[in-house]
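Participant: Provided herewith is a single structure, encoded as C-alpha cells, for subsequent inquiry.
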There are 2 protein chains.
Amino acid sequence: MTFDKITLDHGSGGKVAHALTADLLLPRFGNPTLTPLNDGAVLTLGGQRLAFSTDTFTVDPLFFPGGDIGELAVNGTVNDVAMCGARPLYLSMGLIIEEGFARRDLERILDSMQRAVGAAGVDVVTGDTKVVPRGAADKLFINTSGVGVIPAGISVGAQGARPGDSILISGTMADHGMTILTQREGLSFEGDLRSDTAALNHLVERMLAVCPDIHVLRDPTRGGVGTTLNEIAQQSQTGIRLREADLPVRPAVAGACELLGFDPLYVANEGKLLAFVPADAADAVLRAMQADINGRDASVIGTVVDDHPGRVYMKTRIGGERIVDMLTGEQLPRIC
Amino acid sequence: MTFDKITLDHGSGGKVAHALTADLLLPRFGNPTLTPLNDGAVLTLGGQRLAFSTDTFTVDPLFFPGGDIGELAVNGTVNDVAMCGARPLYLSMGLIIEEGFARRDLERILDSMQRAVGAAGVDVVTGDTKVVPRGAADKLFINTSGVGVIPAGISVGAQGARPGDSILISGTMADHGMTILTQREGLSFEGDLRSDTAALNHLVERMLAVCPDIHVLRDPTRGGVGTTLNEIAQQSQTGIRLREADLPVRPAVAGACELLGFDPLYVANEGKLLAFVPADAADAVLRAMQADINGRDASVIGTVVDDHPGRVYMKTRIGGERIVDMLTGEQLPRIC
C-alpha cells in the first residue's frame, strides 16, 4: 500500500497498520526476536527467558466508565507480557503531559495506576516525565513497558495454533471500545456500558497451572477478536472456524453496536484474552478460567482446522458460512 | 511546592521536576528499585543483574544539525542503560504519530534509528505505533525503553561518589541544547553548532575494562552538568568541587550561551557522560576515554570532597568560589 502521509488507519491494528509494519519497520529492524510480532518479545538472558513489551496509551477521554488511561496503561502492558506466558514483574512509566494539565486529574490517574499496579502485583521501577507546551499534545499520553519471567516449560506464541485446538475467550467482546465510543459521542444506552480493563496475569497463571501446554495466548485489543484471530491464523498457517452463536456479547454492547453500525468482532477489548489449547485440555482450562474473576464468563468460541490455512471462517446464526477478514482501517481512533 | 496545573518546569529535569517526583510519584510507586532514581533500574532476575530504563522524546524540531529525534531516541535509552554499568542489548520503540505526518519524514527518522541501533549494537525487539488525529500531538513523539545486562563485579550508581574521587567528563558541554535552541530561534552562529547525540555504551565498556571500580556514571541530559552533579552530591551525601577553568565548552557554544544568556552548566547534553572514579585510576580511565571517538575530548573537571555534603562548589576563573545550584525550572522545553 503506497501512501505519502500517515493516516489514522496506520494506527488501527488492522491491515493498514500491518502494512506499515511490513513496509517500513521490519525491513529496518527485523530480527528473529522482533519479527514474530507477538504482543511482546521473548528474550533469553543468562539461561532465563524474559518477556519484554511496550505500549503507548492515547485514549480519549482520559476517564471513562470502568477505568481511566492510567489503569489502562498498567493493565495493557501487564497483559502483553502475560500473553507471552510470562509472569509480569516490572513496569516503566513514561508520561507526556500537556502544559496546563490539572494536578487533580494527574493525581486521580496516578492513584488509579497505583491501584492497578497493586492488583497486578508488579512494581514501577523506572520512569520519565516530559511536559510539552499547550497544544503540542492532547492532555496526557502514557507509555508503559514491561518485563516478566517466562517459567520453564511454557511456550506460547501466535505461531503455535494446531488443527484440533479449542479456541477459548475469557468473556464478552467489545465492552471497552463501545464504552469509549459512546462516551465520546455523548450517547447513553440502557444497561451500563463499562470498559473491561483488567490485568489478566493472575488468570493466565491459573490457566497455565492446569495446562502448561497452552499454544497461543493473545489479548484482542485494537482490531478486536476478528483481527487477532486473523493474525494467529496467518502466523500459524492454520484455518479457524467460529460459531457466531457462541460469540459472547453483552446485550447493551450488542445494542450499541447495532445502532452505531459496529461489528463487535472488530471492537477493542482491554480485559479479555483468547487461548488456543489442545482439545483434551479445553474443559480443564475453561473451568480454571471461570474460577477467576476475569474469566467467569469464559467460553469456547471455535476450533482450529487444517483447511483454509490463514483464514477465519464463521458459521452464521442462519446456518451459512462467511469469511471473517482482518479489520482494514481504523474504526475508532484513540481507543487505547 | 504546591501547584494546581502542570507547567513546563515540571518537565525540566530540575528542582520543580524533582518535586513532582517526590510529591506525586514516589509516595505512590516508591520501592527499593525505583527510589534511588538512577538513569535506569537495576533488577536481579535469576541471579543476573539487568538494567531497565525508559525515555520519551518530544524534541522540536525533529531534525537538527548532528541528528534527529530517531537517533536521539535510540542513543538516549542506550545511554541510560549504559550509565547503570550495563551492556545495552534490547530496545522497545513506541511511536505516537500525528495524522498527516509525511511518510518521507518518518522514513528518514526510521533510517536514522536503524543506523543508531547498528552503531550501538542493540536490537529493537518490540514496538507499538499509535496515530492520533491532527492537532492531538505535534508531529511525532518516540518512547524507547531498554534492557541490558550488568557484568559481574560492576556496581555504579548515583549513591557511589566517595571523597577523593576524580570527576571526569567525556567532552564539551551544552552542544545539544544550544543547537536545538538556535535552530528553533532561527539563529546562526559562526562555527558550527551540532548536537552531540551519540551512543556511549562502547565508551563505557572501555572505561570499565580499565577500572571496574567506577563509582558513578551519569549522562547530563536535561538540566545539564550542573543539575546532574547536584543530584549525585545529594544522593552520595558528599561535596563536589569544580574548577571553572577546566569546564570544556566549544567556542561557538560559549558564544551562543553568552549572547542568549544561558549557562552551559545547565544546558542539555546528549552524548556526554560524567564519571566518578578513584583518584588513582583517573589517569587510566582518562586515557581509555580519549581513545574512544566519543571521549576524545575527555578531561578532569573536579573532585569529590567531604565538606559541604550535598553541595556543588566551583572555583571561578577570577579565584572566588560559588555554589552551583540545581536548575530550578525549565530553560528549554522539548529539548529531547
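Simple scheme: letters A, B, ... for chains in C-alpha cells order, numbers from 1 for residues in each chain, numbers from 1 for ligands in the order shown.
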Could you please select, counting only C-alpha atoms, the residues of chain A within 7 Å of chain B and state them as a PyMOL selection string?

Facilitator: chain A and resi 4-8+10-11+28-29+33-34+40-41+46+48+53-56+92+94+99-103+114+124-133+136-138+145+333-334

Participant: Take the residues from that selection and put them in a file with N, CA and C atoms, as a tab-separated table (two decimals), in the first residue's frame.

Facilitator:
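Below you can see part13.tsv, which holds the result:
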```tsv
chain	number	residue	atom	x	y	z
A	4	ASP	N	1.58	8.73	1.08
A	4	ASP	CA	2.51	9.83	1.29
A	4	ASP	C	2.45	10.35	2.72
A	5	LYS	N	1.27	10.18	3.31
A	5	LYS	CA	1.08	10.72	4.65
A	5	LYS	C	0.50	9.65	5.56
A	6	ILE	N	0.87	9.73	6.82
A	6	ILE	CA	0.32	8.81	7.81
A	6	ILE	C	-1.14	9.15	8.05
A	7	THR	N	-1.99	8.13	8.06
A	7	THR	CA	-3.41	8.34	8.34
A	7	THR	C	-3.77	7.62	9.62
A	8	LEU	N	-4.97	7.89	10.12
A	8	LEU	CA	-5.43	7.22	11.34
A	8	LEU	C	-5.42	5.71	11.15
A	10	HIS	N	-3.24	3.91	9.95
A	10	HIS	CA	-1.94	3.33	10.28
A	10	HIS	C	-1.80	2.99	11.76
A	11	GLY	N	-2.71	3.50	12.57
A	11	GLY	CA	-2.67	3.17	13.99
A	11	GLY	C	-3.77	2.24	14.41
A	28	ARG	N	13.81	-2.51	8.31
A	28	ARG	CA	14.89	-1.80	9.01
A	28	ARG	C	15.31	-2.49	10.31
A	29	PHE	N	14.34	-3.05	11.01
A	29	PHE	CA	14.65	-3.51	12.37
A	29	PHE	C	14.43	-5.01	12.54
A	33	THR	N	13.88	-11.94	17.01
A	33	THR	CA	13.03	-11.68	18.17
A	33	THR	C	11.85	-10.79	17.81
A	34	LEU	N	12.11	-9.76	17.00
A	34	LEU	CA	11.05	-8.81	16.63
A	34	LEU	C	10.07	-9.41	15.64
A	40	GLY	N	4.60	-9.34	22.86
A	40	GLY	CA	5.85	-8.93	23.47
A	40	GLY	C	6.97	-9.76	22.88
A	41	ALA	N	8.20	-9.35	23.19
A	41	ALA	CA	9.37	-10.08	22.72
A	41	ALA	C	9.78	-11.10	23.76
A	46	GLY	N	21.05	-15.07	30.16
A	46	GLY	CA	21.60	-15.89	31.24
A	46	GLY	C	20.79	-17.15	31.48
A	48	GLN	N	17.71	-17.59	31.22
A	48	GLN	CA	16.34	-17.35	31.66
A	48	GLN	C	15.58	-16.66	30.53
A	53	SER	N	7.76	-5.96	26.64
A	53	SER	CA	6.72	-5.40	25.78
A	53	SER	C	6.54	-3.92	26.04
A	54	THR	N	6.01	-3.20	25.07
A	54	THR	CA	5.76	-1.76	25.23
A	54	THR	C	4.43	-1.39	24.62
A	55	ASP	N	3.79	-0.36	25.17
A	55	ASP	CA	2.52	0.11	24.63
A	55	ASP	C	2.35	1.57	25.02
A	56	THR	N	1.83	2.36	24.10
A	56	THR	CA	1.56	3.76	24.39
A	56	THR	C	0.06	3.98	24.40
A	92	SER	N	7.92	0.13	33.39
A	92	SER	CA	8.37	1.51	33.28
A	92	SER	C	7.16	2.38	32.97
A	94	GLY	N	6.31	6.17	31.22
A	94	GLY	CA	6.74	7.39	30.53
A	94	GLY	C	5.54	8.28	30.29
A	99	GLU	N	1.22	21.04	29.01
A	99	GLU	CA	1.27	22.19	29.91
A	99	GLU	C	-0.15	22.63	30.27
A	100	GLY	N	-0.39	22.88	31.55
A	100	GLY	CA	-1.71	23.32	31.98
A	100	GLY	C	-2.62	22.18	32.44
A	101	PHE	N	-2.16	20.95	32.32
A	101	PHE	CA	-2.97	19.81	32.78
A	101	PHE	C	-3.20	19.91	34.29
A	102	ALA	N	-4.41	19.61	34.71
A	102	ALA	CA	-4.76	19.80	36.12
A	102	ALA	C	-4.08	18.77	37.01
A	103	ARG	N	-3.47	19.26	38.08
A	103	ARG	CA	-2.85	18.37	39.05
A	103	ARG	C	-3.86	17.36	39.59
A	114	GLN	N	-1.63	3.32	40.63
A	114	GLN	CA	-1.13	2.67	41.85
A	114	GLN	C	-2.00	1.46	42.21
A	124	VAL	N	6.50	-0.49	39.54
A	124	VAL	CA	7.04	0.52	38.62
A	124	VAL	C	8.47	0.78	39.08
A	125	VAL	N	9.45	0.55	38.21
A	125	VAL	CA	10.84	0.65	38.65
A	125	VAL	C	11.62	1.76	37.97
A	126	THR	N	11.07	2.35	36.91
A	126	THR	CA	11.79	3.42	36.23
A	126	THR	C	10.77	4.25	35.46
A	127	GLY	N	11.06	5.53	35.27
A	127	GLY	CA	10.08	6.38	34.61
A	127	GLY	C	10.70	7.62	34.03
A	128	ASP	N	9.85	8.36	33.35
A	128	ASP	CA	10.30	9.58	32.67
A	128	ASP	C	9.08	10.46	32.50
A	129	THR	N	9.24	11.78	32.73
A	129	THR	CA	8.14	12.72	32.57
A	129	THR	C	8.55	13.83	31.63
A	130	LYS	N	7.79	14.02	30.57
A	130	LYS	CA	8.01	15.15	29.67
A	130	LYS	C	6.77	16.04	29.72
A	131	VAL	N	6.98	17.35	29.74
A	131	VAL	CA	5.88	18.30	29.63
A	131	VAL	C	6.07	19.06	28.33
A	132	VAL	N	5.03	19.10	27.51
A	132	VAL	CA	5.13	19.83	26.23
A	132	VAL	C	4.20	21.04	26.28
A	133	PRO	N	4.55	22.09	25.53
A	133	PRO	CA	3.74	23.32	25.58
A	133	PRO	C	2.29	23.06	25.17
A	136	ALA	N	0.70	21.12	22.04
A	136	ALA	CA	1.63	20.17	21.41
A	136	ALA	C	1.26	18.72	21.70
A	137	ALA	N	0.37	18.50	22.67
A	137	ALA	CA	-0.17	17.15	22.91
A	137	ALA	C	-1.55	17.35	23.51
A	138	ASP	N	-2.41	16.34	23.38
A	138	ASP	CA	-3.75	16.47	23.93
A	138	ASP	C	-3.79	15.89	25.34
A	145	SER	N	6.28	0.13	29.55
A	145	SER	CA	6.96	-1.06	29.05
A	145	SER	C	7.03	-2.02	30.22
A	333	PRO	N	-10.33	5.84	16.40
A	333	PRO	CA	-9.02	6.34	16.83
A	333	PRO	C	-9.00	6.63	18.34
A	334	ARG	N	-7.83	6.54	18.92
A	334	ARG	CA	-7.60	6.85	20.36
A	334	ARG	C	-8.51	6.04	21.27
```

Participant: Pick the closest to Arg250 (chain B) from B:Tyr266, B:Asp175, B:Gln290, B:Gly164: which is it, counting only C-alpha atoms?

Facilitator: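 Smallest distance to Arg250 (chain B) is found for B:Asp175.
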
Participant: Show which residues sit within 10 Å of Pro278 (chain A), as a list in words. Count only C-alpha atoms, and ignore same-chain residues fewer than 5 positions away.

Facilitator: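 Selected residues are Ala161, Arg162, Pro163, Gly164, Asp165, Ser166, Ile167, Cys211, Asp213, Ile214, His215, Asp283, Val285, Thr303 and Val304 of chain A.
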
Participant: With N, CA, C and O atoms retained, write the just-selected residues as a tab-separated table (two decimals), in the first residue's frame.

Facilitator:
```
chain	number	residue	atom	x	y	z
A	161	ALA	N	-0.74	-22.24	17.05
A	161	ALA	CA	-2.05	-22.89	16.87
A	161	ALA	C	-1.92	-24.17	16.06
A	161	ALA	O	-1.18	-24.22	15.09
A	162	ARG	N	-2.63	-25.23	16.48
A	162	ARG	CA	-2.56	-26.53	15.79
A	162	ARG	C	-3.97	-27.00	15.47
A	162	ARG	O	-4.88	-26.81	16.29
A	163	PRO	N	-4.18	-27.62	14.31
A	163	PRO	CA	-5.51	-28.14	14.00
A	163	PRO	C	-6.02	-29.01	15.15
A	163	PRO	O	-5.26	-29.82	15.71
A	164	GLY	N	-7.27	-28.81	15.49
A	164	GLY	CA	-7.86	-29.53	16.61
A	164	GLY	C	-7.93	-28.69	17.88
A	164	GLY	O	-8.73	-28.98	18.77
A	165	ASP	N	-7.11	-27.66	17.98
A	165	ASP	CA	-7.13	-26.80	19.18
A	165	ASP	C	-8.53	-26.21	19.40
A	165	ASP	O	-9.21	-25.83	18.44
A	166	SER	N	-8.91	-26.13	20.67
A	166	SER	CA	-10.11	-25.37	21.02
A	166	SER	C	-9.72	-23.91	21.25
A	166	SER	O	-8.65	-23.62	21.80
A	167	ILE	N	-10.61	-23.00	20.83
A	167	ILE	CA	-10.36	-21.56	20.99
A	167	ILE	C	-11.29	-21.04	22.07
A	167	ILE	O	-12.52	-21.12	21.96
A	211	CYS	N	-2.84	-26.35	32.51
A	211	CYS	CA	-2.42	-26.78	31.17
A	211	CYS	C	-1.18	-26.00	30.74
A	211	CYS	O	-1.30	-24.96	30.08
A	213	ASP	N	0.65	-26.59	28.49
A	213	ASP	CA	0.80	-26.71	27.03
A	213	ASP	C	-0.19	-25.82	26.27
A	213	ASP	O	-0.62	-26.17	25.18
A	214	ILE	N	-0.58	-24.68	26.82
A	214	ILE	CA	-1.39	-23.73	26.06
A	214	ILE	C	-0.57	-23.28	24.85
A	214	ILE	O	0.60	-22.94	24.99
A	215	HIS	N	-1.19	-23.29	23.66
A	215	HIS	CA	-0.43	-22.99	22.44
A	215	HIS	C	-0.33	-21.50	22.13
A	215	HIS	O	0.71	-21.02	21.69
A	283	ASP	N	-11.71	-28.40	28.61
A	283	ASP	CA	-12.63	-28.34	29.76
A	283	ASP	C	-11.92	-27.88	31.02
A	283	ASP	O	-12.43	-27.05	31.77
A	285	VAL	N	-9.15	-26.11	31.28
A	285	VAL	CA	-8.76	-24.70	31.18
A	285	VAL	C	-9.98	-23.81	31.36
A	285	VAL	O	-9.93	-22.79	32.07
A	303	THR	N	-12.78	-23.57	16.80
A	303	THR	CA	-11.74	-24.59	16.74
A	303	THR	C	-10.77	-24.25	15.60
A	303	THR	O	-11.10	-23.51	14.67
A	304	VAL	N	-9.58	-24.82	15.71
A	304	VAL	CA	-8.59	-24.68	14.66
A	304	VAL	C	-8.75	-25.85	13.70
A	304	VAL	O	-8.91	-27.00	14.12
```

Participant: As a short mmCIF file (atom, residue, chain, number, x, y, z; two decimals) with N, CA and C atoms, in the first residue's frame, please: every residue in region 192-296 of chain B that a backbone DSSP assignment puts in strand (DSSP E or B).

Facilitator:
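File written: result.cif
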```
data_model
loop_
_atom_site.label_atom_id
_atom_site.label_comp_id
_atom_site.auth_asym_id
_atom_site.auth_seq_id
_atom_site.Cartn_x
_atom_site.Cartn_y
_atom_site.Cartn_z
N VAL B 216 30.46 6.16 39.86
CA VAL B 216 29.24 6.80 39.34
C VAL B 216 29.41 7.01 37.84
N LEU B 217 28.35 6.74 37.09
CA LEU B 217 28.28 7.12 35.67
C LEU B 217 26.93 7.80 35.46
N ARG B 218 26.92 8.96 34.86
CA ARG B 218 25.65 9.62 34.55
C ARG B 218 25.80 10.41 33.26
N GLY B 239 30.43 16.41 49.09
CA GLY B 239 30.56 17.68 48.40
C GLY B 239 31.26 17.46 47.07
N ILE B 240 31.06 18.42 46.15
CA ILE B 240 31.74 18.35 44.85
C ILE B 240 32.39 19.71 44.61
N ARG B 241 33.65 19.68 44.19
CA ARG B 241 34.36 20.92 43.90
C ARG B 241 34.80 20.91 42.43
N LEU B 242 34.35 21.94 41.71
CA LEU B 242 34.72 22.08 40.29
C LEU B 242 35.70 23.23 40.12
N ARG B 243 36.40 23.21 38.99
CA ARG B 243 37.24 24.35 38.61
C ARG B 243 36.69 24.90 37.30
N LEU B 274 29.43 11.81 32.70
CA LEU B 274 30.24 12.15 33.86
C LEU B 274 30.61 10.84 34.54
N ALA B 275 31.89 10.73 34.95
CA ALA B 275 32.32 9.53 35.66
C ALA B 275 33.04 9.94 36.94
N PHE B 276 32.71 9.26 38.02
CA PHE B 276 33.39 9.44 39.30
C PHE B 276 34.25 8.21 39.53
N VAL B 277 35.57 8.41 39.60
CA VAL B 277 36.47 7.26 39.69
C VAL B 277 37.48 7.50 40.81
#
```

Participant: May I ask for the distance between CA of Pro248 (chain B) and CA of Gln183 (chain B), given in Å to one decimal place?

Facilitator: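 CA of Gln183 (chain B) lies 22.2 Å from CA of Pro248 (chain B).
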
Participant: Quick one: distance from CA of Thr197 (chain B) to CA of Leu72 (chain B) in Å, one decimal?

Facilitator: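 CA of Thr197 (chain B) sits 6.1 Å away from CA of Leu72 (chain B).
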
Participant: Out of region 86-257 of chain B, which residues get helix (DSSP H, G or I) from DSSP, as an MDAnalysis selection string?

Facilitator: chainID B and resid 103:120 175:185 201:210 224:236 244:246 251:257

Participant: Do you know which residues are at most 8 Å from Arg87 (chain B) counting only C-alpha atoms, after dropping those on the same chain fewer than 5 positions away, and could you put them as a list in words?

Facilitator: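 That gives Val81, Ala82, Gly148, Val149, Ile150, Pro151, Asn201 and Glu205 of chain B.
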
Participant: Could you please take those selected residues and save C-alpha atoms as an mmCIF file, in the first residue's frame?

Facilitator:
```
data_model
loop_
_atom_site.group_PDB
_atom_site.id
_atom_site.type_symbol
_atom_site.label_atom_id
_atom_site.label_comp_id
_atom_site.auth_asym_id
_atom_site.auth_seq_id
_atom_site.Cartn_x
_atom_site.Cartn_y
_atom_site.Cartn_z
ATOM 1 C CA VAL B 81 21.129 1.659 30.320
ATOM 2 C CA ALA B 82 24.907 2.042 29.909
ATOM 3 C CA GLY B 148 20.835 -4.564 29.313
ATOM 4 C CA VAL B 149 22.983 -6.894 31.352
ATOM 5 C CA ILE B 150 25.273 -5.689 34.141
ATOM 6 C CA PRO B 151 28.504 -7.704 34.174
ATOM 7 C CA ASN B 201 27.948 2.182 25.575
ATOM 8 C CA GLU B 205 32.907 -0.665 28.099
#
```

Participant: Residues at most 10 Å from Ala233 (chain B), counting only C-alpha atoms, excluding those fewer than 5 positions away in the same chain, as a PyMOL selection string?

Facilitator: chain B and resi 158-162+227-228+238-240+304-305+308-312

Participant: Give me a file of those residues, with all heavy atoms, as a compact mmCIF listing (two decimals), in the first residue's frame.

Facilitator:
```txt
# COMPACT_ATOMS: atom_id res chain seq x y z
N ALA B 158 24.27 6.54 41.50
CA ALA B 158 24.45 7.93 41.93
C ALA B 158 24.77 8.05 43.42
O ALA B 158 25.16 9.11 43.89
CB ALA B 158 23.19 8.73 41.60
N GLN B 159 24.63 6.96 44.17
CA GLN B 159 24.98 7.00 45.60
C GLN B 159 26.45 6.68 45.82
O GLN B 159 26.92 6.68 46.96
CB GLN B 159 24.18 5.95 46.40
CG GLN B 159 22.68 5.95 46.20
CD GLN B 159 22.27 5.18 44.95
OE1 GLN B 159 23.11 4.72 44.17
NE2 GLN B 159 20.98 5.06 44.75
N GLY B 160 27.20 6.39 44.75
CA GLY B 160 28.52 5.80 44.94
C GLY B 160 29.69 6.77 45.05
O GLY B 160 30.83 6.32 45.25
N ALA B 161 29.46 8.09 44.94
CA ALA B 161 30.59 9.03 44.99
C ALA B 161 31.26 9.00 46.37
O ALA B 161 30.59 8.94 47.39
CB ALA B 161 30.11 10.44 44.67
N ARG B 162 32.60 9.03 46.37
CA ARG B 162 33.36 8.98 47.63
C ARG B 162 34.35 10.13 47.65
O ARG B 162 34.95 10.44 46.60
CB ARG B 162 34.15 7.66 47.71
CG ARG B 162 33.33 6.41 47.78
CD ARG B 162 32.69 6.18 49.15
NE ARG B 162 31.72 5.10 49.09
CZ ARG B 162 30.41 5.28 48.82
NH1 ARG B 162 29.93 6.48 48.59
NH2 ARG B 162 29.59 4.26 48.80
N THR B 227 23.00 20.34 37.12
CA THR B 227 21.93 19.64 37.83
C THR B 227 22.33 18.20 38.15
O THR B 227 22.09 17.71 39.26
CB THR B 227 20.64 19.66 36.96
OG1 THR B 227 20.30 21.02 36.72
CG2 THR B 227 19.49 18.96 37.67
N THR B 228 22.95 17.54 37.19
CA THR B 228 23.34 16.15 37.41
C THR B 228 24.34 16.04 38.56
O THR B 228 24.23 15.13 39.41
CB THR B 228 23.94 15.56 36.11
OG1 THR B 228 22.97 15.67 35.07
CG2 THR B 228 24.34 14.11 36.29
N THR B 238 27.96 13.80 49.59
CA THR B 238 29.34 14.28 49.56
C THR B 238 29.32 15.68 48.94
O THR B 238 28.31 16.10 48.38
CB THR B 238 30.21 13.39 48.64
OG1 THR B 238 29.61 13.38 47.34
CG2 THR B 238 30.33 11.98 49.15
N GLY B 239 30.43 16.41 49.09
CA GLY B 239 30.56 17.68 48.40
C GLY B 239 31.26 17.46 47.07
O GLY B 239 31.95 16.46 46.87
N ILE B 240 31.06 18.42 46.15
CA ILE B 240 31.74 18.35 44.85
C ILE B 240 32.39 19.71 44.61
O ILE B 240 31.78 20.75 44.85
CB ILE B 240 30.74 18.02 43.73
CG1 ILE B 240 30.33 16.54 43.82
CG2 ILE B 240 31.33 18.34 42.35
CD1 ILE B 240 29.30 16.10 42.80
N VAL B 304 35.65 15.01 44.40
CA VAL B 304 34.67 14.85 45.47
C VAL B 304 35.36 15.16 46.79
O VAL B 304 36.49 14.73 47.03
CB VAL B 304 34.11 13.41 45.48
CG1 VAL B 304 33.10 13.23 46.60
CG2 VAL B 304 33.49 13.09 44.12
N VAL B 305 34.68 15.96 47.62
CA VAL B 305 35.26 16.37 48.91
C VAL B 305 34.32 15.97 50.04
O VAL B 305 33.15 15.63 49.80
CB VAL B 305 35.48 17.90 48.93
CG1 VAL B 305 36.56 18.29 47.91
CG2 VAL B 305 34.20 18.66 48.66
N HIS B 308 30.78 20.20 53.09
CA HIS B 308 29.57 20.62 52.37
C HIS B 308 28.84 19.47 51.68
O HIS B 308 28.56 19.53 50.48
CB HIS B 308 29.92 21.69 51.32
CG HIS B 308 30.63 22.88 51.87
ND1 HIS B 308 30.08 23.72 52.80
CD2 HIS B 308 31.89 23.35 51.63
CE1 HIS B 308 30.94 24.67 53.10
NE2 HIS B 308 32.05 24.47 52.42
N PRO B 309 28.52 18.40 52.40
CA PRO B 309 27.84 17.28 51.73
C PRO B 309 26.54 17.73 51.05
O PRO B 309 25.79 18.52 51.61
CB PRO B 309 27.55 16.30 52.87
CG PRO B 309 27.74 17.05 54.13
CD PRO B 309 28.70 18.16 53.84
N GLY B 310 26.32 17.24 49.85
CA GLY B 310 25.10 17.56 49.11
C GLY B 310 25.22 18.81 48.26
O GLY B 310 24.26 19.19 47.59
N ARG B 311 26.40 19.47 48.28
CA ARG B 311 26.54 20.74 47.57
C ARG B 311 27.63 20.67 46.50
O ARG B 311 28.60 19.92 46.64
CB ARG B 311 26.96 21.84 48.55
CG ARG B 311 25.88 22.17 49.55
CD ARG B 311 25.40 23.58 49.27
NE ARG B 311 24.33 23.93 50.18
CZ ARG B 311 23.31 24.68 49.80
NH1 ARG B 311 23.22 25.10 48.55
NH2 ARG B 311 22.37 25.00 50.65
N VAL B 312 27.47 21.48 45.47
CA VAL B 312 28.48 21.60 44.41
C VAL B 312 29.06 23.01 44.46
O VAL B 312 28.31 23.99 44.40
CB VAL B 312 27.86 21.34 43.02
CG1 VAL B 312 28.93 21.45 41.93
CG2 VAL B 312 27.18 19.97 42.99
```

Participant: List the spatial neighbours of region 259-264 of chain A as a list in words - criterion: any atom at most 10 Å away, only C-alpha atoms, same-chain residues fewer than 5 positions off excluded.

Facilitator: Thr172, Met173, Ala174, Asp175, Gly177, Met178, Leu181, Thr182, Gly223, Gly224, Val225, Gly226, Leu247, Pro248, Val249, Val253, Ala254, Asn269 and Gln331 of chain A

Participant: Please save N, CA and C atoms of the selected residues as a PDB file, in the first residue's frame.

Facilitator:
```
ATOM      1  N   THR A 172     -16.938 -11.484  27.504  1.00  0.00           N
ATOM      2  CA  THR A 172     -17.673 -10.828  26.422  1.00  0.00           C
ATOM      3  C   THR A 172     -16.784  -9.895  25.605  1.00  0.00           C
ATOM      4  N   MET A 173     -17.214  -9.667  24.362  1.00  0.00           N
ATOM      5  CA  MET A 173     -16.437  -8.869  23.418  1.00  0.00           C
ATOM      6  C   MET A 173     -16.926  -7.415  23.372  1.00  0.00           C
ATOM      7  N   ALA A 174     -16.030  -6.520  23.049  1.00  0.00           N
ATOM      8  CA  ALA A 174     -16.344  -5.150  22.594  1.00  0.00           C
ATOM      9  C   ALA A 174     -16.732  -4.183  23.707  1.00  0.00           C
ATOM     10  N   ASP A 175     -16.607  -4.606  24.972  1.00  0.00           N
ATOM     11  CA  ASP A 175     -17.030  -3.723  26.068  1.00  0.00           C
ATOM     12  C   ASP A 175     -16.214  -2.431  26.099  1.00  0.00           C
ATOM     13  N   GLY A 177     -14.258  -0.872  23.732  1.00  0.00           N
ATOM     14  CA  GLY A 177     -14.395   0.016  22.575  1.00  0.00           C
ATOM     15  C   GLY A 177     -15.735   0.729  22.533  1.00  0.00           C
ATOM     16  N   MET A 178     -16.811   0.013  22.807  1.00  0.00           N
ATOM     17  CA  MET A 178     -18.122   0.657  22.730  1.00  0.00           C
ATOM     18  C   MET A 178     -18.319   1.638  23.884  1.00  0.00           C
ATOM     19  N   LEU A 181     -16.444   4.791  22.744  1.00  0.00           N
ATOM     20  CA  LEU A 181     -17.140   5.441  21.637  1.00  0.00           C
ATOM     21  C   LEU A 181     -18.384   6.171  22.125  1.00  0.00           C
ATOM     22  N   THR A 182     -19.174   5.503  22.944  1.00  0.00           N
ATOM     23  CA  THR A 182     -20.423   6.138  23.366  1.00  0.00           C
ATOM     24  C   THR A 182     -20.139   7.318  24.297  1.00  0.00           C
ATOM     25  N   GLY A 223      -8.450  -3.614  16.903  1.00  0.00           N
ATOM     26  CA  GLY A 223      -8.763  -4.555  15.832  1.00  0.00           C
ATOM     27  C   GLY A 223      -9.704  -5.650  16.294  1.00  0.00           C
ATOM     28  N   GLY A 224      -9.789  -5.865  17.617  1.00  0.00           N
ATOM     29  CA  GLY A 224     -10.764  -6.788  18.173  1.00  0.00           C
ATOM     30  C   GLY A 224     -10.451  -8.255  17.919  1.00  0.00           C
ATOM     31  N   VAL A 225     -11.400  -9.103  18.310  1.00  0.00           N
ATOM     32  CA  VAL A 225     -11.247 -10.555  18.205  1.00  0.00           C
ATOM     33  C   VAL A 225     -11.041 -10.976  16.753  1.00  0.00           C
ATOM     34  N   GLY A 226     -11.752 -10.332  15.839  1.00  0.00           N
ATOM     35  CA  GLY A 226     -11.664 -10.712  14.421  1.00  0.00           C
ATOM     36  C   GLY A 226     -10.258 -10.532  13.871  1.00  0.00           C
ATOM     37  N   LEU A 247     -20.423 -16.492  20.153  1.00  0.00           N
ATOM     38  CA  LEU A 247     -19.632 -15.288  20.449  1.00  0.00           C
ATOM     39  C   LEU A 247     -20.346 -14.464  21.523  1.00  0.00           C
ATOM     40  N   PRO A 248     -19.716 -14.289  22.667  1.00  0.00           N
ATOM     41  CA  PRO A 248     -20.406 -13.631  23.776  1.00  0.00           C
ATOM     42  C   PRO A 248     -20.335 -12.104  23.686  1.00  0.00           C
ATOM     43  N   VAL A 249     -21.492 -11.477  23.682  1.00  0.00           N
ATOM     44  CA  VAL A 249     -21.582 -10.013  23.672  1.00  0.00           C
ATOM     45  C   VAL A 249     -22.697  -9.622  24.645  1.00  0.00           C
ATOM     46  N   VAL A 253     -24.048  -3.876  24.889  1.00  0.00           N
ATOM     47  CA  VAL A 253     -22.979  -3.669  23.908  1.00  0.00           C
ATOM     48  C   VAL A 253     -23.483  -4.036  22.506  1.00  0.00           C
ATOM     49  N   ALA A 254     -24.218  -5.142  22.428  1.00  0.00           N
ATOM     50  CA  ALA A 254     -24.779  -5.553  21.136  1.00  0.00           C
ATOM     51  C   ALA A 254     -25.713  -4.475  20.604  1.00  0.00           C
ATOM     52  N   ASN A 269     -11.029  -4.759  23.008  1.00  0.00           N
ATOM     53  CA  ASN A 269     -11.208  -5.262  24.370  1.00  0.00           C
ATOM     54  C   ASN A 269      -9.948  -4.908  25.149  1.00  0.00           C
ATOM     55  N   GLN A 331     -11.458   1.917  12.974  1.00  0.00           N
ATOM     56  CA  GLN A 331     -12.840   2.170  13.348  1.00  0.00           C
ATOM     57  C   GLN A 331     -12.900   3.306  14.352  1.00  0.00           C
TER      58      GLN A 331
END
```
